$ cat target_39.txt   # compact mmCIF, C-alpha atoms
# COMPACT_ATOMS: atom_id res chain seq x y z
CA MET V 24 0.00 0.00 0.00
CA TYR V 25 1.39 3.38 -1.07
CA ILE V 26 0.44 6.41 1.04
CA LEU V 27 0.59 9.90 -0.45
CA TYR V 28 1.44 12.85 1.74
CA PHE V 29 0.37 16.34 0.81
CA GLN V 30 1.15 19.70 2.39
CA THR V 31 -1.77 21.48 0.70
CA ILE V 32 -5.45 21.32 1.50
CA ALA V 33 -8.39 22.67 -0.48
CA LEU V 34 -11.43 24.16 1.24
CA LEU V 35 -14.08 23.94 -1.44
CA ASN V 36 -16.48 26.84 -2.13
CA ILE V 37 -15.61 28.81 1.02
CA TYR V 38 -15.14 32.31 -0.44
CA ARG V 39 -18.27 34.10 -1.64
CA ASN V 40 -17.38 37.22 -3.61
CA PRO V 41 -19.93 39.90 -2.57
CA GLN V 42 -19.85 41.41 -6.07
CA ASN V 43 -21.16 38.12 -7.45
CA THR V 44 -23.79 37.55 -4.77
CA ALA V 45 -24.96 40.99 -3.57
CA GLN V 46 -28.64 41.59 -4.33
CA SER V 47 -31.19 43.92 -2.81
CA ALA V 48 -34.57 42.77 -1.47
CA ASP V 49 -36.20 43.50 -4.85
CA GLY V 50 -33.71 41.25 -6.68
CA LEU V 51 -31.56 44.02 -8.18
CA ARG V 52 -27.81 43.75 -7.94
CA CYS V 53 -26.21 45.95 -5.29
CA ALA V 54 -23.04 47.82 -6.03
CA VAL V 55 -20.20 46.92 -3.69
CA SER V 56 -17.30 49.36 -3.74
CA ASP V 57 -13.75 48.18 -4.33
CA VAL V 58 -12.79 49.38 -0.83
CA GLU V 59 -15.62 47.38 0.77
CA MET V 60 -14.65 44.37 -1.34
CA GLN V 61 -11.03 44.50 -0.21
CA GLU V 62 -12.01 44.96 3.45
CA HIS V 63 -14.43 42.02 3.27
CA TYR V 64 -11.84 39.83 1.57
CA ASP V 65 -9.00 40.81 3.94
CA GLU V 66 -11.22 39.96 6.94
CA LEU V 67 -12.02 36.53 5.56
CA PHE V 68 -8.40 35.86 4.61
CA GLU V 69 -7.09 36.88 8.03
CA GLU V 70 -9.76 34.86 9.82
CA VAL V 71 -9.06 31.65 7.89
CA PHE V 72 -5.26 32.08 7.92
CA THR V 73 -4.97 32.74 11.66
CA ASP V 74 -7.46 30.01 12.55
CA MET V 75 -5.53 27.44 10.51
CA GLU V 76 -2.20 28.43 12.07
CA GLU V 77 -3.58 28.46 15.62
CA LYS V 78 -5.30 25.09 15.31
CA TYR V 79 -3.19 23.05 12.90
CA GLY V 80 0.26 24.47 12.25
CA GLU V 81 2.29 26.95 10.23
CA VAL V 82 0.77 27.96 6.90
CA GLU V 83 3.38 28.63 4.24
CA GLU V 84 0.94 29.96 1.67
CA MET V 85 -2.77 30.62 1.31
CA ASN V 86 -4.53 31.29 -1.99
CA VAL V 87 -8.16 32.09 -2.75
CA CYS V 88 -9.76 31.56 -6.16
CA ASP V 89 -11.99 34.28 -7.54
CA ASN V 90 -13.12 32.11 -10.47
CA LEU V 91 -16.77 31.42 -11.30
CA GLY V 92 -16.38 27.91 -12.78
CA ASP V 93 -17.88 25.17 -10.62
CA HIS V 94 -14.60 23.36 -9.98
CA LEU V 95 -12.81 26.50 -8.69
CA VAL V 96 -15.46 28.92 -7.38
CA GLY V 97 -14.54 30.11 -3.90
CA ASN V 98 -11.85 27.48 -3.30
CA VAL V 99 -9.24 28.26 -0.68
CA TYR V 100 -5.88 26.48 -0.85
CA LEU V 101 -3.64 26.33 2.21
CA LYS V 102 -0.11 24.97 2.00
CA PHE V 103 1.13 23.90 5.43
CA ARG V 104 4.78 23.56 6.34
CA ARG V 105 4.25 19.94 7.45
CA GLU V 106 2.20 17.17 5.85
CA GLU V 107 0.92 16.01 9.26
CA ASP V 108 -0.65 19.43 9.84
CA ALA V 109 -2.46 19.28 6.50
CA GLU V 110 -3.78 15.81 7.24
CA LYS V 111 -4.94 16.81 10.72
CA ALA V 112 -6.65 19.92 9.31
CA VAL V 113 -8.59 17.95 6.68
CA MET V 114 -9.80 15.41 9.23
CA ASP V 115 -10.98 18.10 11.63
CA LEU V 116 -12.37 20.60 9.12
CA ASN V 117 -14.75 18.11 7.53
CA ASN V 118 -16.61 18.18 10.86
CA ARG V 119 -16.89 21.98 10.96
CA TRP V 120 -19.10 24.68 9.48
CA PHE V 121 -18.33 28.09 7.97
CA ASN V 122 -20.95 30.75 7.18
CA SER V 123 -23.77 28.32 7.97
CA GLN V 124 -22.45 25.71 5.50
CA PRO V 125 -20.48 22.51 6.11
CA ILE V 126 -16.82 22.72 5.19
CA HIS V 127 -15.60 20.34 2.50
CA ALA V 128 -11.85 19.92 2.90
CA GLU V 129 -9.55 17.63 0.96
CA LEU V 130 -5.84 17.10 0.48
CA SER V 131 -4.48 18.61 -2.72
CA PRO V 132 -1.34 17.69 -4.69
CA VAL V 133 -0.77 21.35 -5.69
CA THR V 134 2.45 22.72 -4.21
CA ASP V 135 3.48 25.29 -6.80
CA PHE V 136 0.59 27.67 -7.39
CA ARG V 137 2.47 29.57 -10.09
CA GLU V 138 1.86 26.63 -12.44
CA ALA V 139 -1.89 26.62 -11.73
CA CYS V 140 -2.43 30.38 -12.06
CA CYS V 141 -3.69 32.25 -15.09
CA ARG V 142 -0.81 34.43 -16.28
CA GLN V 143 -3.19 36.49 -18.42
CA TYR V 144 -5.33 37.28 -15.37
CA GLU V 145 -2.27 38.48 -13.48
CA MET V 146 -1.57 40.85 -16.39
CA GLY V 147 -5.21 41.97 -16.51
CA GLU V 148 -5.71 40.37 -19.94
CA CYS V 149 -7.71 37.13 -19.39
CA THR V 150 -10.46 36.97 -22.02
CA ARG V 151 -12.17 33.96 -20.42
CA GLY V 152 -13.15 35.93 -17.32
CA GLY V 153 -14.21 34.07 -14.18
CA PHE V 154 -14.84 30.90 -16.18
CA CYS V 155 -11.14 30.41 -16.94
CA ASN V 156 -9.82 26.94 -16.02
CA PHE V 157 -6.67 28.39 -14.47
CA MET V 158 -6.73 29.93 -11.00
CA HIS V 159 -7.59 33.62 -10.71
CA LEU V 160 -6.04 34.27 -7.30
CA LYS V 161 -7.46 37.17 -5.36
CA PRO V 162 -4.71 39.27 -3.73
CA ILE V 163 -4.83 40.53 -0.15
CA SER V 164 -3.86 44.06 0.80
CA ARG V 165 -0.18 44.81 1.20
CA GLU V 166 -0.69 45.70 4.87
CA LEU V 167 -2.33 42.38 5.66
CA ARG V 168 0.39 40.46 3.78
CA MET V 169 3.06 42.18 5.86
CA GLU V 170 1.13 41.53 9.06
CA LEU V 171 0.46 37.81 8.44
CA TYR V 172 3.66 36.77 6.72
CA GLY V 173 5.85 39.32 8.51
CA ARG V 174 5.26 37.60 11.87
CA ARG V 175 7.57 34.79 10.81
CA ARG V 176 10.41 37.15 10.03
CA LYS V 177 9.89 38.80 13.39
CA LYS V 178 9.92 35.44 15.20
CA GLY V 179 13.00 34.40 13.28
CA GLY V 180 14.83 37.54 14.35
CA GLY V 181 14.23 39.45 11.14
CA HIS V 182 13.18 43.08 11.10
CA ARG V 183 9.82 44.28 9.90
CA SER V 184 9.58 47.94 9.05
CA CYS V 185 6.37 49.87 9.41
CA SER V 186 5.80 53.24 7.82
CA ARG V 187 3.02 53.99 10.29
CA SER V 188 5.10 53.50 13.42
CA ARG V 189 2.37 54.84 15.76
CA GLU V 190 -0.10 52.28 14.39
CA CYS V 191 2.45 49.46 14.75
CA ARG V 192 3.27 50.47 18.32
CA SER V 193 -0.39 50.60 19.31
CA ARG V 194 -1.04 47.23 17.62
CA SER V 195 1.86 45.62 19.46
CA ARG V 196 0.72 47.21 22.76
CA ASP V 197 -2.76 45.77 22.22
CA ARG V 198 -1.30 42.33 21.54
CA GLY V 199 0.77 42.65 24.71
CA ARG V 200 -2.39 43.36 26.72
CA GLY V 201 -4.25 40.46 25.19
CA GLY V 202 -5.14 42.09 21.87
CA GLY V 203 -8.38 43.90 22.64
CA HIS V 204 -9.29 44.42 18.99
CA ASP V 205 -8.40 40.81 18.10
CA ARG V 206 -10.38 39.56 21.09
CA GLU V 207 -13.46 41.51 19.96
CA ARG V 208 -13.10 40.17 16.42
CA ARG V 209 -12.81 36.57 17.70
CA ARG V 210 -15.93 36.97 19.88
CA SER V 211 -17.83 38.38 16.91
CA ARG V 212 -16.76 35.39 14.77
CA GLU V 213 -17.85 32.93 17.46
CA ARG V 214 -21.30 34.55 17.62
CA SER V 215 -21.66 34.51 13.83
CA GLY V 216 -20.78 30.83 13.62
CA ARG V 217 -17.70 31.44 11.50
CA PHE V 218 -14.49 29.57 12.24

$ encode --input "target_39.txt" --output "structure tokens"
Amino acid sequence: MYILYFQTIALLNIYRNPQNTAQSADGLRCAVSDVEMQEHYDELFEEVFTDMEEKYGEVEEMNVCDNLGDHLVGNVYLKFRREEDAEKAVMDLNNRWFNSQPIHAELSPVTDFREACCRQYEMGECTRGGFCNFMHLKPISRELRMELYGRRRKKGGGHRSCSRSRECRSRSRDRGRGGGHDRERRRSRERSGRF
């Protein structure tokens, strides 16, 4: 018997793009601003990323598909540092719910997302739109990327610069006191039934 080990897991149909689903009570599409879209997406990304790291282990990379095709719509791919963490996550996540829907998690052989991504989309030139068969990965804000992935450099002794030093100092003070803002966000998530 041959056992395959994978570092990557796929959470199927987790991300719901508000621009694709926002409708008013009378059935008309609601306009969602780009700023609101990015805030909504960054919140979801941070929530999933931090939850996975806290519960299962270090996440090397997280990618979210913004495609519309059935096989990619809303998929979230998380590459863990260790295979055991990915396996543990899949086993546990298939017994959990997110946004009032059961989570469908599976191991994925994808380790190099550059090969699976649509190069034309990255250049703003994909003519197939959301129905492209290559991944259209939705980017997070630069600030969130630095915050999530910069922690590792900080732990490893590296230096993380922050142009808004007052904001960084207040954020680190809050974390030192138990992270008041983070604590409120976690309580809100628990009440909403999200991770």

$ atom_distance --input "target_39.txt" --atom1 "CA of Glu59 in chain V" --atom2 "CA of Glu83 in chain V"
26.9 Å

$ closest_residue --input "target_39.txt" --among "V:Lys111, V:Arg142, V:Arg39, V:His159" --to "Lys78 in chain V" --atoms "all atoms listed in the file"
V:Lys111

$ atom_distance --input "target_39.txt" --atom1 "CA of Met158 in chain V" --atom2 "CA of Glu107 in chain V"
25.7 Å

$ atom_distance --input "target_39.txt" --atom1 "CA of Glu138 in chain V" --atom2 "CA of Tyr38 in chain V"
21.6 Å

$ closest_residue --input "target_39.txt" --among "V:Leu34, V:Leu67, V:Met75, V:Val87" --to "Leu130 in chain V" --atoms "all atoms listed in the file"
V:Leu34

$ build_atoms --input "target_39.txt" --residues "range 59-70 of chain V" --atoms "all heavy atoms" --output "tab-separated table (two decimals), in the frame of the given file"
chain	number	residue	atom	x	y	z
V	59	GLU	N	-14.84	48.34	-0.03
V	59	GLU	CA	-15.62	47.38	0.77
V	59	GLU	C	-15.24	45.95	0.40
V	59	GLU	O	-15.14	45.08	1.28
V	59	GLU	CB	-17.12	47.57	0.53
V	59	GLU	CG	-17.68	48.86	1.11
V	59	GLU	CD	-19.11	49.12	0.67
V	59	GLU	OE1	-19.44	48.85	-0.52
V	59	GLU	OE2	-19.89	49.57	1.52
V	60	MET	N	-15.05	45.70	-0.88
V	60	MET	CA	-14.65	44.37	-1.34
V	60	MET	C	-13.33	43.95	-0.71
V	60	MET	O	-13.20	42.83	-0.21
V	60	MET	CB	-14.47	44.38	-2.87
V	60	MET	CG	-15.74	44.19	-3.63
V	60	MET	SD	-16.38	42.54	-3.43
V	60	MET	CE	-14.98	41.58	-3.91
V	61	GLN	N	-12.35	44.84	-0.74
V	61	GLN	CA	-11.03	44.50	-0.21
V	61	GLN	C	-11.10	44.29	1.30
V	61	GLN	O	-10.49	43.36	1.83
V	61	GLN	CB	-10.01	45.59	-0.56
V	61	GLN	CG	-8.58	45.16	-0.30
V	61	GLN	CD	-8.14	44.00	-1.16
V	61	GLN	OE1	-8.32	44.00	-2.37
V	61	GLN	NE2	-7.57	42.97	-0.55
V	62	GLU	N	-11.86	45.12	2.00
V	62	GLU	CA	-12.01	44.96	3.45
V	62	GLU	C	-12.66	43.62	3.78
V	62	GLU	O	-12.22	42.91	4.68
V	62	GLU	CB	-12.83	46.11	4.05
V	62	GLU	CG	-12.09	47.42	4.10
V	62	GLU	CD	-12.97	48.59	4.52
V	62	GLU	OE1	-14.19	48.40	4.71
V	62	GLU	OE2	-12.42	49.70	4.65
V	63	HIS	N	-13.73	43.29	3.07
V	63	HIS	CA	-14.43	42.02	3.27
V	63	HIS	C	-13.48	40.84	3.03
V	63	HIS	O	-13.40	39.90	3.81
V	63	HIS	CB	-15.63	41.94	2.33
V	63	HIS	CG	-16.30	40.61	2.33
V	63	HIS	ND1	-15.98	39.63	1.41
V	63	HIS	CD2	-17.26	40.08	3.12
V	63	HIS	CE1	-16.71	38.55	1.65
V	63	HIS	NE2	-17.50	38.80	2.67
V	64	TYR	N	-12.76	40.91	1.94
V	64	TYR	CA	-11.84	39.83	1.57
V	64	TYR	C	-10.70	39.71	2.58
V	64	TYR	O	-10.34	38.61	3.01
V	64	TYR	CB	-11.30	40.06	0.17
V	64	TYR	CG	-10.29	39.02	-0.23
V	64	TYR	CD1	-10.67	37.69	-0.38
V	64	TYR	CD2	-8.97	39.36	-0.43
V	64	TYR	CE1	-9.75	36.72	-0.72
V	64	TYR	CE2	-8.04	38.39	-0.78
V	64	TYR	CZ	-8.44	37.07	-0.92
V	64	TYR	OH	-7.51	36.12	-1.26
V	65	ASP	N	-10.10	40.84	2.97
V	65	ASP	CA	-9.00	40.81	3.94
V	65	ASP	C	-9.46	40.21	5.27
V	65	ASP	O	-8.72	39.45	5.90
V	65	ASP	CB	-8.43	42.21	4.17
V	65	ASP	CG	-7.48	42.66	3.06
V	65	ASP	OD1	-7.16	41.83	2.17
V	65	ASP	OD2	-7.07	43.84	3.08
V	66	GLU	N	-10.68	40.54	5.70
V	66	GLU	CA	-11.22	39.96	6.94
V	66	GLU	C	-11.32	38.46	6.84
V	66	GLU	O	-10.92	37.73	7.74
V	66	GLU	CB	-12.61	40.54	7.23
V	66	GLU	CG	-12.61	41.68	8.19
V	66	GLU	CD	-14.02	42.15	8.49
V	66	GLU	OE1	-14.93	41.32	8.68
V	66	GLU	OE2	-14.21	43.38	8.53
V	67	LEU	N	-11.89	37.98	5.75
V	67	LEU	CA	-12.02	36.53	5.56
V	67	LEU	C	-10.65	35.87	5.52
V	67	LEU	O	-10.42	34.86	6.17
V	67	LEU	CB	-12.78	36.22	4.26
V	67	LEU	CG	-12.78	34.73	3.91
V	67	LEU	CD1	-14.19	34.19	3.87
V	67	LEU	CD2	-12.06	34.48	2.61
V	68	PHE	N	-9.73	36.44	4.76
V	68	PHE	CA	-8.40	35.86	4.61
V	68	PHE	C	-7.72	35.77	5.97
V	68	PHE	O	-7.18	34.72	6.33
V	68	PHE	CB	-7.57	36.72	3.65
V	68	PHE	CG	-6.31	36.07	3.18
V	68	PHE	CD1	-6.25	35.46	1.94
V	68	PHE	CD2	-5.17	36.06	3.97
V	68	PHE	CE1	-5.09	34.85	1.49
V	68	PHE	CE2	-4.00	35.47	3.54
V	68	PHE	CZ	-3.95	34.86	2.29
V	69	GLU	N	-7.74	36.87	6.72
V	69	GLU	CA	-7.09	36.88	8.03
V	69	GLU	C	-7.73	35.86	8.97
V	69	GLU	O	-7.04	35.14	9.69
V	69	GLU	CB	-7.16	38.28	8.64
V	69	GLU	CG	-6.47	38.37	9.99
V	69	GLU	CD	-6.52	39.77	10.58
V	69	GLU	OE1	-7.36	40.58	10.15
V	69	GLU	OE2	-5.72	40.03	11.49
V	70	GLU	N	-9.05	35.79	8.95
V	70	GLU	CA	-9.76	34.86	9.82
V	70	GLU	C	-9.37	33.41	9.53
V	70	GLU	O	-9.03	32.65	10.43
V	70	GLU	CB	-11.27	35.03	9.62
V	70	GLU	CG	-12.11	34.10	10.44
V	70	GLU	CD	-13.60	34.31	10.20
V	70	GLU	OE1	-14.01	35.32	9.60
V	70	GLU	OE2	-14.35	33.42	10.61
